[in-house]
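Asks: Following this line is coords_38.txt, made up of compact mmCIF, C-alpha atoms:
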# COMPACT_ATOMS: atom_id res chain seq x y z
CA MET A 25 57.02 -112.91 15.23
CA ALA A 26 57.39 -112.83 11.50
CA MET A 27 60.56 -114.87 11.29
CA SER A 28 58.93 -118.07 12.49
CA PRO A 29 56.69 -119.17 9.60
CA ALA A 30 56.98 -122.72 8.41
CA VAL A 31 58.32 -121.94 4.96
CA PRO A 32 59.21 -124.85 2.71
CA ARG A 33 62.87 -125.76 2.38
CA SER A 34 64.02 -126.36 -1.17
CA SER A 35 66.13 -129.46 -1.79
CA ALA A 36 68.25 -127.56 -4.34
CA PRO A 37 70.95 -125.10 -3.22
CA PRO A 38 70.06 -121.43 -3.80
CA ARG A 39 71.17 -119.93 -7.11
CA TRP A 40 72.78 -116.50 -7.38
CA GLN A 41 69.60 -115.29 -9.09
CA ASP A 42 67.68 -116.02 -5.88
CA TYR A 43 69.97 -113.65 -3.97
CA VAL A 44 69.50 -111.01 -6.67
CA GLN A 45 65.72 -111.36 -6.23
CA LEU A 46 66.19 -110.66 -2.50
CA LEU A 47 67.31 -107.16 -3.49
CA LYS A 48 64.02 -106.42 -5.36
CA PRO A 49 65.79 -105.36 -8.57
CA ARG A 50 62.71 -103.65 -10.05
CA VAL A 51 62.32 -101.38 -7.02
CA MET A 52 66.08 -100.87 -7.04
CA SER A 53 65.97 -99.64 -10.64
CA LEU A 54 63.46 -96.92 -9.63
CA VAL A 55 65.67 -95.96 -6.68
CA ILE A 56 68.72 -95.70 -8.97
CA PHE A 57 66.78 -93.60 -11.46
CA THR A 58 65.45 -91.11 -8.86
CA ALA A 59 68.81 -90.93 -7.06
CA ILE A 60 70.58 -90.11 -10.36
CA THR A 61 67.96 -87.42 -10.99
CA GLY A 62 68.65 -85.87 -7.58
CA LEU A 63 72.39 -86.05 -8.13
CA VAL A 64 72.21 -84.46 -11.59
CA CYS A 65 69.66 -81.79 -10.61
CA ALA A 66 72.01 -80.61 -7.86
CA ASN A 67 74.16 -79.11 -10.64
CA ALA A 68 77.30 -79.57 -8.56
CA PRO A 69 80.72 -80.59 -9.84
CA ILE A 70 81.33 -84.17 -8.74
CA ASN A 71 83.91 -86.62 -10.03
CA PRO A 72 82.09 -89.12 -12.29
CA VAL A 73 83.77 -92.08 -10.54
CA LEU A 74 82.60 -90.82 -7.14
CA ALA A 75 79.13 -90.16 -8.57
CA GLY A 76 79.00 -93.73 -9.91
CA VAL A 77 80.11 -95.20 -6.59
CA ALA A 78 77.56 -93.02 -4.76
CA ILE A 79 74.70 -94.29 -6.93
CA PHE A 80 76.00 -97.85 -6.48
CA CYS A 81 75.90 -97.37 -2.68
CA ILE A 82 72.34 -96.00 -2.78
CA ALA A 83 71.27 -98.98 -4.92
CA VAL A 84 72.94 -101.46 -2.55
CA GLY A 85 71.30 -99.70 0.42
CA ALA A 86 67.91 -100.13 -1.27
CA GLY A 87 68.73 -103.79 -1.84
CA ALA A 88 69.64 -104.18 1.84
CA SER A 89 66.24 -102.76 2.86
CA ALA A 90 64.55 -105.22 0.51
CA ALA A 91 66.47 -108.16 2.01
CA PHE A 92 65.39 -107.12 5.52
CA ASN A 93 61.81 -106.83 4.25
CA MET A 94 61.89 -110.29 2.67
CA TRP A 95 63.29 -111.82 5.84
CA TYR A 96 60.69 -110.26 8.13
CA ASP A 97 57.67 -110.60 5.83
CA ALA A 98 58.22 -114.20 4.70
CA ASP A 99 55.07 -115.33 6.52
CA ILE A 100 52.72 -112.86 4.84
CA ASP A 101 54.55 -113.05 1.50
CA ALA A 102 53.79 -116.78 1.44
CA LYS A 103 50.04 -116.03 1.61
CA MET A 104 49.86 -113.58 -1.30
CA ARG A 105 49.92 -114.48 -4.99
CA ARG A 106 52.05 -111.44 -5.89
CA THR A 107 54.79 -112.35 -3.40
CA ARG A 108 54.65 -116.09 -2.75
CA ALA A 109 57.33 -116.85 -5.35
CA ARG A 110 59.87 -114.64 -3.54
CA PRO A 111 63.04 -116.53 -2.54
CA VAL A 112 62.34 -116.82 1.21
CA PRO A 113 58.66 -117.91 1.15
CA ALA A 114 59.47 -120.23 -1.77
CA GLY A 115 62.17 -121.89 0.37
CA LYS A 116 64.98 -121.06 -2.04
CA VAL A 117 66.87 -118.85 0.44
CA GLN A 118 66.80 -119.22 4.23
CA GLY A 119 65.42 -116.29 6.23
CA ALA A 120 68.65 -116.06 8.26
CA ASP A 121 70.64 -115.65 5.04
CA ALA A 122 68.36 -112.82 3.91
CA LEU A 123 68.79 -111.13 7.31
CA ALA A 124 72.59 -111.50 7.17
CA MET A 125 72.66 -110.18 3.63
CA GLY A 126 70.59 -107.14 4.64
CA ALA A 127 72.87 -106.37 7.58
CA VAL A 128 76.12 -106.75 5.63
CA LEU A 129 74.90 -104.72 2.64
CA SER A 130 73.57 -101.96 4.94
CA LEU A 131 76.95 -101.54 6.63
CA PHE A 132 78.80 -101.80 3.31
CA SER A 133 76.63 -99.21 1.51
CA VAL A 134 76.48 -96.64 4.33
CA MET A 135 80.20 -96.77 5.16
CA LEU A 136 81.28 -96.61 1.54
CA LEU A 137 78.89 -93.74 0.74
CA GLY A 138 80.22 -91.81 3.73
CA MET A 139 83.84 -92.35 2.65
CA THR A 140 83.06 -91.59 -1.00
CA THR A 141 80.94 -88.45 -0.66
CA ASN A 142 79.90 -87.08 2.73
CA TRP A 143 78.26 -88.20 5.97
CA LEU A 144 75.01 -86.31 5.36
CA ALA A 145 74.34 -88.55 2.35
CA ALA A 146 75.45 -91.62 4.32
CA GLY A 147 73.27 -90.63 7.28
CA LEU A 148 70.25 -90.18 5.02
CA LEU A 149 70.90 -93.60 3.47
CA ALA A 150 71.16 -95.20 6.93
CA PHE A 151 67.92 -93.49 7.95
CA THR A 152 66.19 -94.71 4.77
CA ILE A 153 67.23 -98.32 5.41
CA PHE A 154 66.12 -98.07 9.06
CA PHE A 155 62.83 -96.44 8.11
CA TYR A 156 61.96 -99.08 5.50
CA ALA A 157 63.13 -102.11 7.47
CA VAL A 158 62.01 -101.15 10.98
CA VAL A 159 59.41 -98.37 10.83
CA TYR A 160 57.56 -99.59 7.72
CA THR A 161 58.16 -103.35 7.57
CA MET A 162 58.22 -104.26 11.25
CA TRP A 163 55.81 -101.69 12.62
CA LEU A 164 53.50 -99.82 10.23
CA LYS A 165 52.78 -102.50 7.62
CA ARG A 166 50.92 -104.80 10.02
CA SER A 167 49.41 -102.18 12.28
CA THR A 168 47.82 -99.33 10.32
CA PRO A 169 46.14 -98.65 6.95
CA GLN A 170 48.38 -95.56 6.78
CA ASN A 171 51.33 -97.96 6.34
CA ILE A 172 52.17 -97.02 2.78
CA VAL A 173 51.47 -93.31 3.35
CA ILE A 174 54.07 -92.92 6.11
CA GLY A 175 56.29 -95.76 4.88
CA GLY A 176 56.40 -94.08 1.47
CA LEU A 177 59.04 -91.73 2.89
CA ALA A 178 61.64 -94.48 2.52
CA GLY A 179 60.96 -94.74 -1.21
CA ALA A 180 60.91 -90.95 -1.55
CA LEU A 181 64.33 -90.21 -0.04
CA PRO A 182 66.75 -91.48 -2.77
CA PRO A 183 66.72 -88.18 -4.77
CA VAL A 184 67.60 -86.31 -1.56
CA ILE A 185 70.45 -88.76 -0.92
CA GLY A 186 71.67 -88.27 -4.50
CA TRP A 187 71.49 -84.48 -4.10
CA ALA A 188 73.30 -84.63 -0.74
CA ALA A 189 75.98 -86.90 -2.24
CA ALA A 190 76.72 -84.26 -4.88
CA THR A 191 76.59 -81.14 -2.69
CA GLY A 192 76.73 -82.11 0.97
CA THR A 193 73.43 -80.26 1.45
CA ALA A 194 69.72 -81.02 1.11
CA PRO A 195 67.96 -77.84 -0.06
CA LEU A 196 64.26 -77.22 -0.69
CA ASN A 197 64.36 -78.46 -4.31
CA ALA A 198 65.75 -81.81 -3.16
CA TRP A 199 62.90 -82.16 -0.67
CA LEU A 200 60.47 -81.18 -3.42
CA LEU A 201 61.54 -84.27 -5.38
CA CYS A 202 61.06 -86.27 -2.18
CA ALA A 203 57.59 -84.77 -1.66
CA ILE A 204 56.53 -85.67 -5.21
CA ILE A 205 57.36 -89.36 -4.70
CA PHE A 206 55.85 -89.27 -1.20
CA MET A 207 52.52 -87.92 -2.49
CA TRP A 208 52.61 -90.28 -5.49
CA THR A 209 52.83 -93.38 -3.30
CA PRO A 210 49.26 -93.49 -1.84
CA PRO A 211 47.30 -93.26 -5.12
CA HIS A 212 49.79 -95.65 -6.75
CA PHE A 213 49.63 -98.37 -4.08
CA TRP A 214 45.97 -97.98 -3.24
CA ALA A 215 45.07 -98.35 -6.92
CA LEU A 216 46.99 -101.64 -6.86
CA SER A 217 45.50 -102.74 -3.55
CA LEU A 218 41.95 -102.15 -4.85
CA TYR A 219 42.33 -105.21 -7.03
CA THR A 220 44.62 -107.21 -4.72
CA SER A 221 42.85 -106.57 -1.40
CA GLU A 222 41.72 -110.20 -1.24
CA ASP A 223 45.39 -111.17 -0.92
CA TYR A 224 46.10 -108.52 1.72
CA GLN A 225 43.04 -109.62 3.68
CA LYS A 226 44.19 -113.24 3.57
CA ALA A 227 47.62 -112.18 4.84
CA GLY A 228 46.16 -109.93 7.55
CA VAL A 229 47.78 -106.76 6.18
CA PRO A 230 45.56 -103.76 7.02
CA MET A 231 45.67 -102.10 3.60
CA MET A 232 43.15 -99.31 3.12
CA PRO A 233 40.60 -101.32 1.06
CA VAL A 234 40.65 -104.07 3.71
CA THR A 235 40.05 -101.80 6.71
CA ALA A 236 38.13 -98.80 5.30
CA GLY A 237 36.49 -100.43 2.30
CA ALA A 238 36.78 -99.86 -1.43
CA ALA A 239 34.60 -96.73 -1.59
CA SER A 240 36.66 -94.90 1.05
CA THR A 241 39.89 -95.96 -0.69
CA ARG A 242 38.65 -94.64 -4.05
CA LYS A 243 37.78 -91.30 -2.39
CA GLN A 244 41.21 -91.07 -0.76
CA ILE A 245 42.92 -91.90 -4.06
CA LEU A 246 41.12 -88.90 -5.58
CA ILE A 247 42.03 -86.61 -2.66
CA TYR A 248 45.71 -87.58 -2.79
CA SER A 249 45.71 -87.18 -6.59
CA LEU A 250 44.30 -83.64 -6.21
CA LEU A 251 47.21 -82.84 -3.89
CA PHE A 252 49.82 -84.74 -5.88
CA VAL A 253 49.30 -83.22 -9.35
CA PRO A 254 49.67 -79.53 -8.34
CA LEU A 255 52.77 -80.51 -6.36
CA CYS A 256 54.26 -81.93 -9.57
CA ILE A 257 53.87 -78.51 -11.22
CA VAL A 258 55.76 -76.68 -8.44
CA PRO A 259 59.34 -77.58 -9.58
CA ALA A 260 58.71 -75.56 -12.74
CA PHE A 261 58.50 -72.45 -10.54
CA THR A 262 61.40 -73.10 -8.15
CA GLY A 263 64.13 -73.20 -10.77
CA LEU A 264 64.21 -76.99 -10.81
CA GLY A 265 62.15 -77.70 -13.94
CA GLY A 266 61.92 -75.94 -17.30
CA MET A 267 59.20 -75.42 -19.91
CA THR A 268 59.34 -79.05 -21.05
CA TYR A 269 58.91 -80.21 -17.48
CA LEU A 270 55.97 -77.84 -17.00
CA ALA A 271 54.26 -79.23 -20.12
CA VAL A 272 54.87 -82.87 -19.13
CA ALA A 273 53.76 -82.29 -15.52
CA ALA A 274 50.61 -80.40 -16.57
CA LEU A 275 49.47 -82.72 -19.37
CA GLY A 276 50.40 -85.90 -17.52
CA GLY A 277 48.79 -84.50 -14.39
CA LEU A 278 45.56 -83.92 -16.27
CA VAL A 279 45.53 -87.54 -17.43
CA PHE A 280 46.35 -88.65 -13.87
CA LEU A 281 43.39 -86.69 -12.49
CA ILE A 282 41.03 -88.06 -15.16
CA LEU A 283 42.09 -91.62 -14.31
CA ALA A 284 41.76 -90.93 -10.56
CA TRP A 285 38.26 -89.52 -11.17
CA ARG A 286 37.35 -92.66 -13.12
CA VAL A 287 38.56 -94.82 -10.24
CA PHE A 288 36.46 -92.71 -7.86
CA ARG A 289 33.37 -93.23 -10.05
CA SER A 290 34.06 -96.93 -10.62
CA ARG A 291 33.27 -99.97 -8.51
CA ALA A 292 36.91 -100.99 -8.33
CA GLY A 293 37.66 -103.10 -5.29
CA GLU A 294 34.04 -104.16 -4.75
CA THR A 295 33.31 -107.86 -4.37
CA GLY A 296 34.00 -109.67 -7.59
CA GLY A 297 36.46 -107.05 -8.78
CA GLN A 298 39.55 -108.94 -7.78
CA ARG A 299 42.38 -110.04 -9.97
CA ASN A 300 41.88 -113.46 -11.46
CA ASP A 301 45.43 -114.64 -12.02
CA ASP A 302 49.01 -113.85 -11.04
CA GLY A 303 49.46 -110.92 -13.41
CA LEU A 304 49.41 -107.37 -12.04
CA TYR A 305 47.61 -106.00 -15.06
CA ASP A 306 45.04 -108.69 -15.83
CA VAL A 307 41.96 -107.76 -13.81
CA LYS A 308 38.23 -108.12 -13.97
CA ALA A 309 36.21 -105.40 -15.72
CA SER A 310 35.16 -103.51 -12.59
CA SER A 311 38.77 -103.00 -11.53
CA LYS A 312 40.19 -101.89 -14.88
CA ASP A 313 40.07 -98.21 -13.90
CA ALA A 314 42.23 -98.96 -10.86
CA ARG A 315 44.60 -100.99 -13.03
CA ASN A 316 44.85 -98.09 -15.52
CA LEU A 317 45.68 -95.58 -12.77
CA PHE A 318 48.27 -97.96 -11.29
CA ALA A 319 49.97 -98.40 -14.67
CA PHE A 320 49.82 -94.69 -15.58
CA SER A 321 51.16 -93.63 -12.17
CA ILE A 322 54.40 -95.47 -12.92
CA LEU A 323 54.64 -93.89 -16.37
CA TYR A 324 53.88 -90.39 -15.03
CA LEU A 325 56.52 -90.49 -12.28
CA THR A 326 59.07 -91.88 -14.72
CA LEU A 327 58.28 -89.12 -17.23
CA LEU A 328 58.57 -86.37 -14.59
CA PHE A 329 61.98 -87.51 -13.42
CA ALA A 330 63.22 -88.31 -16.93
CA THR A 331 62.25 -84.81 -18.07
CA LEU A 332 64.07 -83.19 -15.15
CA LEU A 333 67.09 -85.36 -15.86
CA ALA A 334 67.08 -84.49 -19.56
CA GLU A 335 66.63 -80.76 -18.91
CA HIS A 336 69.58 -80.66 -16.52
CA LEU A 337 71.80 -82.84 -18.71
CA LEU A 338 70.99 -80.74 -21.79
CA ASP A 339 71.16 -77.54 -19.73
CA LEU A 340 67.74 -76.33 -20.87
CA PRO A 341 66.54 -73.06 -19.32
CA ALA A 342 64.28 -73.13 -16.28
CA VAL A 343 60.97 -71.27 -16.11
CA GLY A 344 62.55 -69.33 -13.24
CA VAL A 345 59.68 -67.43 -11.67
CA PHE A 346 61.34 -67.44 -8.21
CA MET B 1 55.55 -132.61 12.84
CA SER B 2 59.36 -132.59 12.61
CA GLU B 3 61.26 -130.68 9.93
CA PRO B 4 62.88 -132.80 7.21
CA THR B 5 66.64 -133.27 7.74
CA PRO B 6 68.55 -131.09 5.28
CA ASP B 7 70.67 -132.94 2.73
CA PRO B 8 74.36 -132.48 3.79
CA THR B 9 75.49 -132.28 0.15
CA VAL B 10 73.02 -129.50 -0.60
CA GLU B 11 74.00 -127.70 2.61
CA ALA B 12 77.69 -127.90 1.70
CA ARG B 13 77.05 -126.60 -1.82
CA ALA B 14 74.96 -123.74 -0.47
CA ARG B 15 77.68 -122.87 2.07
CA ARG B 16 80.35 -122.94 -0.63
CA GLY B 17 78.24 -120.64 -2.82
CA ARG B 18 77.77 -118.19 0.07
CA ASN B 19 81.50 -118.24 0.82
CA ILE B 20 82.38 -117.45 -2.80
CA ALA B 21 79.81 -114.63 -2.87
CA LEU B 22 81.23 -113.20 0.39
CA ALA B 23 84.77 -113.38 -0.97
CA LEU B 24 83.76 -111.60 -4.17
CA GLY B 25 81.89 -108.99 -2.14
CA LEU B 26 84.94 -108.34 0.03
CA VAL B 27 87.20 -108.04 -3.02
CA LEU B 28 84.73 -105.57 -4.58
CA PHE B 29 84.65 -103.55 -1.34
CA VAL B 30 88.45 -103.38 -1.18
CA VAL B 31 88.70 -102.39 -4.86
CA LEU B 32 86.05 -99.67 -4.43
CA VAL B 33 87.73 -98.25 -1.31
CA PHE B 34 91.06 -98.21 -3.17
CA VAL B 35 89.57 -96.49 -6.25
CA VAL B 36 87.68 -93.94 -4.13
CA THR B 37 90.82 -93.18 -2.11
CA VAL B 38 92.90 -92.66 -5.25
CA VAL B 39 90.25 -90.40 -6.81
CA ARG B 40 89.73 -88.35 -3.65
CA LEU B 41 93.41 -87.97 -2.87
CA GLY B 42 94.61 -87.86 -6.47
CA GLY B 43 94.83 -84.08 -6.88
CA SER B 44 96.28 -83.43 -3.43
CA VAL B 45 98.93 -86.10 -3.78
CA ALA B 46 99.95 -84.94 -7.26
CA HIS B 47 100.33 -81.32 -6.16
CA ARG B 48 101.81 -81.79 -2.70
CA PRO B 49 105.05 -79.98 -1.88
CA PHE B 50 108.08 -82.26 -1.74
What would the structure in this file look like if it were written as structure tokens?

Replies:
Amino acid sequence: MAMSPAVPRSSAPPRWQDYVQLLKPRVMSLVIFTAITGLVCANAPINPVLAGVAIFCIAVGAGASAAFNMWYDADIDAKMRRTRARPVPAGKVQGADALAMGAVLSLFSVMLLGMTTNWLAAGLLAFTIFFYAVVYTMWLKRSTPQNIVIGGLAGALPPVIGWAAATGTAPLNAWLLCAIIFMWTPPHFWALSLYTSEDYQKAGVPMMPVTAGAASTRKQILIYSLLFVPLCIVPAFTGLGGMTYLAVAALGGLVFLILAWRVFRSRAGETGGQRNDDGLYDVKASSKDARNLFAFSILYLTLLFATLLAEHLLDLPAVGVF
Amino acid sequence: MSEPTPDPTVEARARRGRNIALALGLVLFVVLVFVVTVVRLGGSVAHRPF
């Protein structure tokens, strides 16, 4: 059981910053951003106060999932350089406190979202928390190399929740935003895991490079990238994105494919290609292509959603083929 | 190997911190429910027949 590791107990009382870290604020910022995009793209009249509270609830729900994850994964987090400084493995916050915080924030966020907007949005938020905490963290993460592929659904749902909060419905365009994040997740995380697989191996997490090897992972990154980039173009033809979006998606997609091709041709993830310190971006020469794809994937997704957001806020015309 | 005994002073400070955070969280929840209720009911209450 994951909750039984012998984690050190700090002699100092936890600071409020430690509890903030339990909520994974960097992940939360991406959730807020994509949820706002979904809410704005819905083009529905919603009171700005209710919209603000809805986004707050989605953010708190994401934080609750993160707290559950930190409670359950404290044992493997303690073994990996990227995660060993997290509050629970570092002994700054007790696992039971993280669990309690996750439970309280889950109830708080789902109930308040339901009261503020509608129960479809609240139900989707509850499902997202359950999917991340139980399906991904407790089940998939330790049992299959497809963990981040299936588990990626939890990270992909916030724009649908935002859309549902504004309209009470979840139409095809909302699920298109979800599909883009879902297909983005494998090349993004596998690029990272190519140069951190040593850590995952040490922790016993069956990430793709650990179980299938680096060459197979590089091939799958390319395959997912070939599926992901055309999918990013689709919103321009469903009335969701405009000309600017089309240009950003096409040009950025081209760069994405070039970087994925370079990863495929590289020796990233082979022995000796591991990271050599605690930084996510400081890697040995053979893994630089994987590092570049990882970094660009974040930029590309941010650009796609920022463009959609800007087009809808500025009311720019859509391409409107359908 | 037995676990080190936690320092009672540190435990008490940690508990106090958690209690304050819980209190603030509850106050925030109440304020948000109040604001949401006012916003959602605002129009209906203002235009209700007397």

Asks: Which residues come within 12 Å of Ala14 of chain B, counting only C-alpha atoms, excluding same-chain residues fewer than 6 positions away, as an MDAnalysis selection string?

Replies: (chainID A and resid 34:40 42:43 116:118 121) or (chainID B and resid 6:8 20:21)

Asks: Between A:Arg106, A:Cys202, A:Ala78, A:Met125, which is the closest to Trp143 of chain A once you count only C-alpha atoms?

Replies: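 Nearest candidate to Trp143 of chain A out of A:Arg106, A:Cys202, A:Ala78, A:Met125: A:Ala78.
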
Asks: Show me which bits of chain B are within 9 Å of chain A, counting all atoms listed in the file, as a list in words.

Replies: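 Therefore, the residues near the partner are Pro4, Pro6, Asp7, Val10, Glu11, Ala12, Arg13, Ala14, Arg15, Gly17, Ala21, Phe29, Leu32, Val33, Val35, Val36, Thr37, Val39 and Arg40 of chain B.
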
Asks: With a distance cut-off of 10 Å and only C-alpha atoms, select the neighbouring residues of Arg110 of chain A, excluding the residue or stretch itself and same-chain residues fewer than 3 positions from it, and output the selection as a PDB file with C-alpha atoms, in the coordinates of the input.

Replies:
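Below is the file that was written, result.pdb:
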ATOM      1  CA  ASP A  42      67.680-116.020  -5.880  1.00  0.00           C
ATOM      2  CA  GLN A  45      65.720-111.360  -6.230  1.00  0.00           C
ATOM      3  CA  LEU A  46      66.190-110.660  -2.500  1.00  0.00           C
ATOM      4  CA  LYS A  48      64.020-106.420  -5.360  1.00  0.00           C
ATOM      5  CA  MET A  94      61.890-110.290   2.670  1.00  0.00           C
ATOM      6  CA  ALA A  98      58.220-114.200   4.700  1.00  0.00           C
ATOM      7  CA  ASP A 101      54.550-113.050   1.500  1.00  0.00           C
ATOM      8  CA  ALA A 102      53.790-116.780   1.440  1.00  0.00           C
ATOM      9  CA  ARG A 106      52.050-111.440  -5.890  1.00  0.00           C
ATOM     10  CA  THR A 107      54.790-112.350  -3.400  1.00  0.00           C
ATOM     11  CA  PRO A 113      58.660-117.910   1.150  1.00  0.00           C
ATOM     12  CA  ALA A 114      59.470-120.230  -1.770  1.00  0.00           C
ATOM     13  CA  GLY A 115      62.170-121.890   0.370  1.00  0.00           C
ATOM     14  CA  LYS A 116      64.980-121.060  -2.040  1.00  0.00           C
ATOM     15  CA  VAL A 117      66.870-118.850   0.440  1.00  0.00           C
TER      16      VAL A 117
END

Asks: Please report the interatomic distance between atom CA of Gly138 of chain A and atom CA of Gly85 of chain A in Å with one decimal.

Replies: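 Between atom CA of Gly138 of chain A and atom CA of Gly85 of chain A the gap is 12.4 Å.
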
Asks: Within 9 Å of segment 254-257 of chain A, counting only C-alpha atoms, which residues qualify if same-chain residues fewer than 4 places away don't, as a list in words?

Replies: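 Selected residues are Leu200, Leu201, Ala203, Ile204, Met207, Ser249, Leu250, Phe261, Gly265, Tyr269, Leu270, Ala271, Ala273, Ala274, Gly277 and Leu328 of chain A.
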
Asks: For atom CA of Ala330 of chain A and atom CA of Phe57 of chain A, determine how far apart the two atoms are, in Å to one decimal place.

Replies: 8.4 Å

Asks: Between atom CA of Lys243 of chain A and atom CA of Ile205 of chain A, what is the spacing in Å?

Replies: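 One can read the atom CA of Ile205 of chain A to atom CA of Lys243 of chain A distance as 19.8 Å.
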
Asks: If the box runs along x, y and z of the file and leaves 4 Å on each side of segment 285-290 of chain A, what are its centre and edge lengths in Å, one decimal, as JSON?

Replies:
{"center_x": 36.0, "center_y": -93.2, "center_z": -10.5, "size_x": 13.2, "size_y": 15.4, "size_z": 13.3}

Asks: For Asn93 of chain A, list every protein, DNA or RNA residue within 9 Å, evaluated using all atoms listed in the file, and leave out those in the same chain fewer than 4 positions away; present the list as a PyMOL selection string.

Replies: chain A and resi 46+88-89+97-98+122-123+126+156-158+161-162

Asks: So which one's closest to Leu332 of chain A, A:Asn67, A:Tyr248, A:Met232, A:His212? Using only C-alpha atoms, please.

Replies: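 Using only C-alpha atoms, Leu332 of chain A sits closest to A:Asn67.
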
Asks: Within 12 Å of Phe151 of chain A, counting only C-alpha atoms, which residues qualify if same-chain residues fewer than 6 places away don't, as a CSV table (one decimal) with C-alpha atoms, in the frame of the given file?

Replies:
chain,number,residue,atom,x,y,z
A,82,ILE,CA,72.3,-96.0,-2.8
A,85,GLY,CA,71.3,-99.7,0.4
A,86,ALA,CA,67.9,-100.1,-1.3
A,89,SER,CA,66.2,-102.8,2.9
A,130,SER,CA,73.6,-102.0,4.9
A,134,VAL,CA,76.5,-96.6,4.3
A,143,TRP,CA,78.3,-88.2,6.0
A,144,LEU,CA,75.0,-86.3,5.4
A,145,ALA,CA,74.3,-88.6,2.4
A,157,ALA,CA,63.1,-102.1,7.5
A,158,VAL,CA,62.0,-101.2,11.0
A,159,VAL,CA,59.4,-98.4,10.8
A,177,LEU,CA,59.0,-91.7,2.9
A,178,ALA,CA,61.6,-94.5,2.5
A,179,GLY,CA,61.0,-94.7,-1.2
A,181,LEU,CA,64.3,-90.2,0.0
A,182,PRO,CA,66.8,-91.5,-2.8
A,184,VAL,CA,67.6,-86.3,-1.6
A,185,ILE,CA,70.4,-88.8,-0.9
